[in-house]
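Novice: This structure is in structure tokens; I'll ask about it shortly.
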Amino acid sequence: MSHYPALRLRRTRAAAWSRRMHAETVLTPADLIWPLFVTEGESIEEPIASLPGVSRWSIDQVAVRAKEAAALGIPCLALFPNTPANLRTEDGGEALNPDNLMCRAIRAIKDAVPGIGLLTDVALDPYTAHGHDGLVDDQGYVLNDMTAEMLVGQALNQARAGADIIAPSDMMDGRVGLIREALEDEGHVNVQIMAYAAKYASAFYGPFRDAVGSRGLLKGDKKTYQMDPANAEEALREVELDLDEGADSVMVKPGLPYLDIVRRVKERFEVPVFAYQVSGEYAMIEAAAAAGAGDRDALVLETLMAFKRAGCSGVLTYHAAHAARLLGA
């Protein structure tokens, strides 16, 4: 190997064109998935206080956001419903309603922008009165197998409405295989499954729970089904199980605190890996920018580049539209 001064690593950094040419990782709008929160009503925008710059949108306005995403080159939206309080029940039955908020939003977006991808969340927490992702027993323990049966129905409900990617975020054992079998049996052979395979019981989810209206409802915590932040080998076991059961891609959630998991999953399985830059991560960037602790644009692009460098095929981020504008400038 050459040595200084024959080798000067700064040579290729000296000019902007050279830095672009030697970049090992490339970030484009096609790497972004934009999460959107849907609420009832018409012509509604409800800003979310704990997520500055993020709002809940009525279905007609979500369709407008879909057109915006398509124009920016963002290939896929992720939808999350803010189910009205009177429709949240102990068993989360509204998840199976073919005319629920999620299904109506799917149909409206597909009518407005047929070519955009739609990723839909499969879990019961937007529909339960207790805020958990599944059905609970008298002691508050989430029942795995009964919940999985509900999730199959929820997934089919969304696929029938036009969802392109089913994303089970519940962390129940075995649900990916059951959903895959049901999708195949009903002829939804091209509907993808992006499994929340390594979803941690994280302190970074607070603003999301505000957005979907579940923070004040949650009784207890989710540590009996979401993963312990101390564990990495367990994440690999979760990923392997979901892939064996028919997942097309897997997700690590949260994002930046778990880049080591992203890298290990990518190196071990060589499959499409996505990360969710969750609400708490977004809020911290916004708070840093508001406090003058960092440049917002630079923080957004650097963190997203970190996901790609770690091995992500794409990133779910509330900064998707802003980042796409920066990348297209």
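Starting from 1 in every chain, residues are counted up; chains themselves are A, B, ... following the order of the structure tokens, and ligands are numbered from 1 as listed.
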Using only C-alpha atoms, which protein or nucleic acid residues come within 7 Å of segment 233-250 of chain A? Drop anything in the same chain fewer than 4 positions from it, and give the result as a ChimeraX atom specification.

Specialist: /A:176-177,180,192-198,265,271-274

Novice: Please build the interface table for segment 15-43 of chain A against segment 204-222 of chain A with a cut-off of 12 Å, listing for each qualifying residue the nearest atom pair and the distance in Å to one decimal; count only C-alpha atoms, order rows by chain and increasing number, and write it as a tab-separated table.

Specialist:
```
residue	atom	partner	partner_atom	distance
A:Pro35	CA	A:Phe208	CA	10.5
A:Leu36	CA	A:Ala211	CA	9.8
A:Phe37	CA	A:Ala211	CA	7.0
A:Val38	CA	A:Val212	CA	8.5
A:Thr39	CA	A:Val212	CA	8.8
A:Glu40	CA	A:Val212	CA	11.9
```

Novice: Would you write out those residues with N, CA and C atoms, as a JSON list (two decimals), in the first residue's frame?

Specialist:
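Resulting contents of out-v3.json:
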```json
[["chain", "number", "residue", "atom", "x", "y", "z"],
["A", 35, "PRO", "N", -44.55, 8.31, 6.32],
["A", 35, "PRO", "CA", -45.68, 7.96, 7.19],
["A", 35, "PRO", "C", -46.66, 9.13, 7.29],
["A", 36, "LEU", "N", -47.95, 8.81, 7.17],
["A", 36, "LEU", "CA", -49.00, 9.82, 7.25],
["A", 36, "LEU", "C", -50.07, 9.37, 8.24],
["A", 37, "PHE", "N", -50.57, 10.31, 9.02],
["A", 37, "PHE", "CA", -51.62, 10.03, 9.99],
["A", 37, "PHE", "C", -52.96, 10.51, 9.44],
["A", 38, "VAL", "N", -53.95, 9.62, 9.50],
["A", 38, "VAL", "CA", -55.26, 9.89, 8.91],
["A", 38, "VAL", "C", -56.28, 10.07, 10.01],
["A", 39, "THR", "N", -57.16, 11.08, 9.83],
["A", 39, "THR", "CA", -58.21, 11.32, 10.81],
["A", 39, "THR", "C", -59.54, 11.53, 10.08],
["A", 40, "GLU", "N", -60.63, 11.47, 10.82],
["A", 40, "GLU", "CA", -61.95, 11.66, 10.23],
["A", 40, "GLU", "C", -62.19, 13.13, 9.90]]
```

Novice: Mind checking DSSP for segment 254-304 of chain A and telling me the helix (DSSP H, G or I) residues as a PyMOL selection string?

Specialist: chain A and resi 256-269+279-290+296-304

Novice: Using only C-alpha atoms, determine which residues lie at most 8 Å from segment 286-292 of chain A, disregarding the query and same-chain residues fewer than 4 positions distant; provide the list as a PyMOL selection string.

Specialist: chain A and resi 52+282+296

Novice: Let's have the selection written as a CSV table (one decimal), in the first residue's frame, with N, CA, C and O atoms.

Specialist:
```
chain,number,residue,atom,x,y,z
A,52,PRO,N,-43.5,18.7,15.7
A,52,PRO,CA,-43.6,19.9,15.0
A,52,PRO,C,-43.5,19.7,13.5
A,52,PRO,O,-42.5,19.1,13.0
A,282,TYR,N,-37.4,12.0,15.1
A,282,TYR,CA,-37.8,13.2,14.4
A,282,TYR,C,-37.9,14.4,15.3
A,282,TYR,O,-37.4,15.5,15.0
A,296,ARG,N,-31.0,22.2,10.4
A,296,ARG,CA,-32.0,21.2,10.2
A,296,ARG,C,-31.8,20.4,8.9
A,296,ARG,O,-31.8,19.1,8.9
```

Novice: Identify which of the residues A:Ala66, A:Val278, A:Val122, A:Met305 lies closest to Leu51 of chain A, counting only C-alpha atoms when measuring atom-to-atom distances.

Specialist: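 Of all the options, A:Val278 lies closest to Leu51 of chain A.
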
Novice: What is the distance, in Å and to one decimal place, between atom CA of Ile44 of chain A and atom CA of Ser58 of chain A?

Specialist: 5.0 Å

Novice: For Asp125 of chain A, which residue among A:Glu270, A:Glu46, A:Asp91, A:Asp31 is the nearest when counting only C-alpha atoms?

Specialist: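 Of A:Glu270, A:Glu46, A:Asp91, A:Asp31, the one nearest Asp125 of chain A is A:Asp91, counting only C-alpha atoms.
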
Novice: Got a sec: who's within 9 Å of Gly92 of chain A, counting only C-alpha atoms, leaving out chain neighbours fewer than 3 positions off, as an NGL selection string?

Specialist: :A and (87-89 or 95-96 or 124-129 or 134-135 or 150)

Novice: Nearest to Cys103 of chain A among A:Cys312, A:Ala14, A:Leu119, A:Val136, with distances taken over only C-alpha atoms: which residue is it?

Specialist: A:Leu119

Novice: So how many Å separate atom CA of Val152 of chain A and atom CA of Asp138 of chain A, to one decimal?

Specialist: 23.3 Å

Novice: With only C-alpha atoms as the basis for distance, which of A:Arg65, A:Lys253, A:Arg268, A:Arg325 is at the shortest distance from Phe307 of chain A?

Specialist: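 The answer is A:Lys253, which sits nearest to Phe307 of chain A.
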
Novice: From the options A:Glu90, A:Ala112, A:Lys223, A:Met102, which residue's atoms come nearest to Thr147 of chain A, counting only C-alpha atoms?

Specialist: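 Using only C-alpha atoms, the shortest distance to Thr147 of chain A belongs to A:Glu90.
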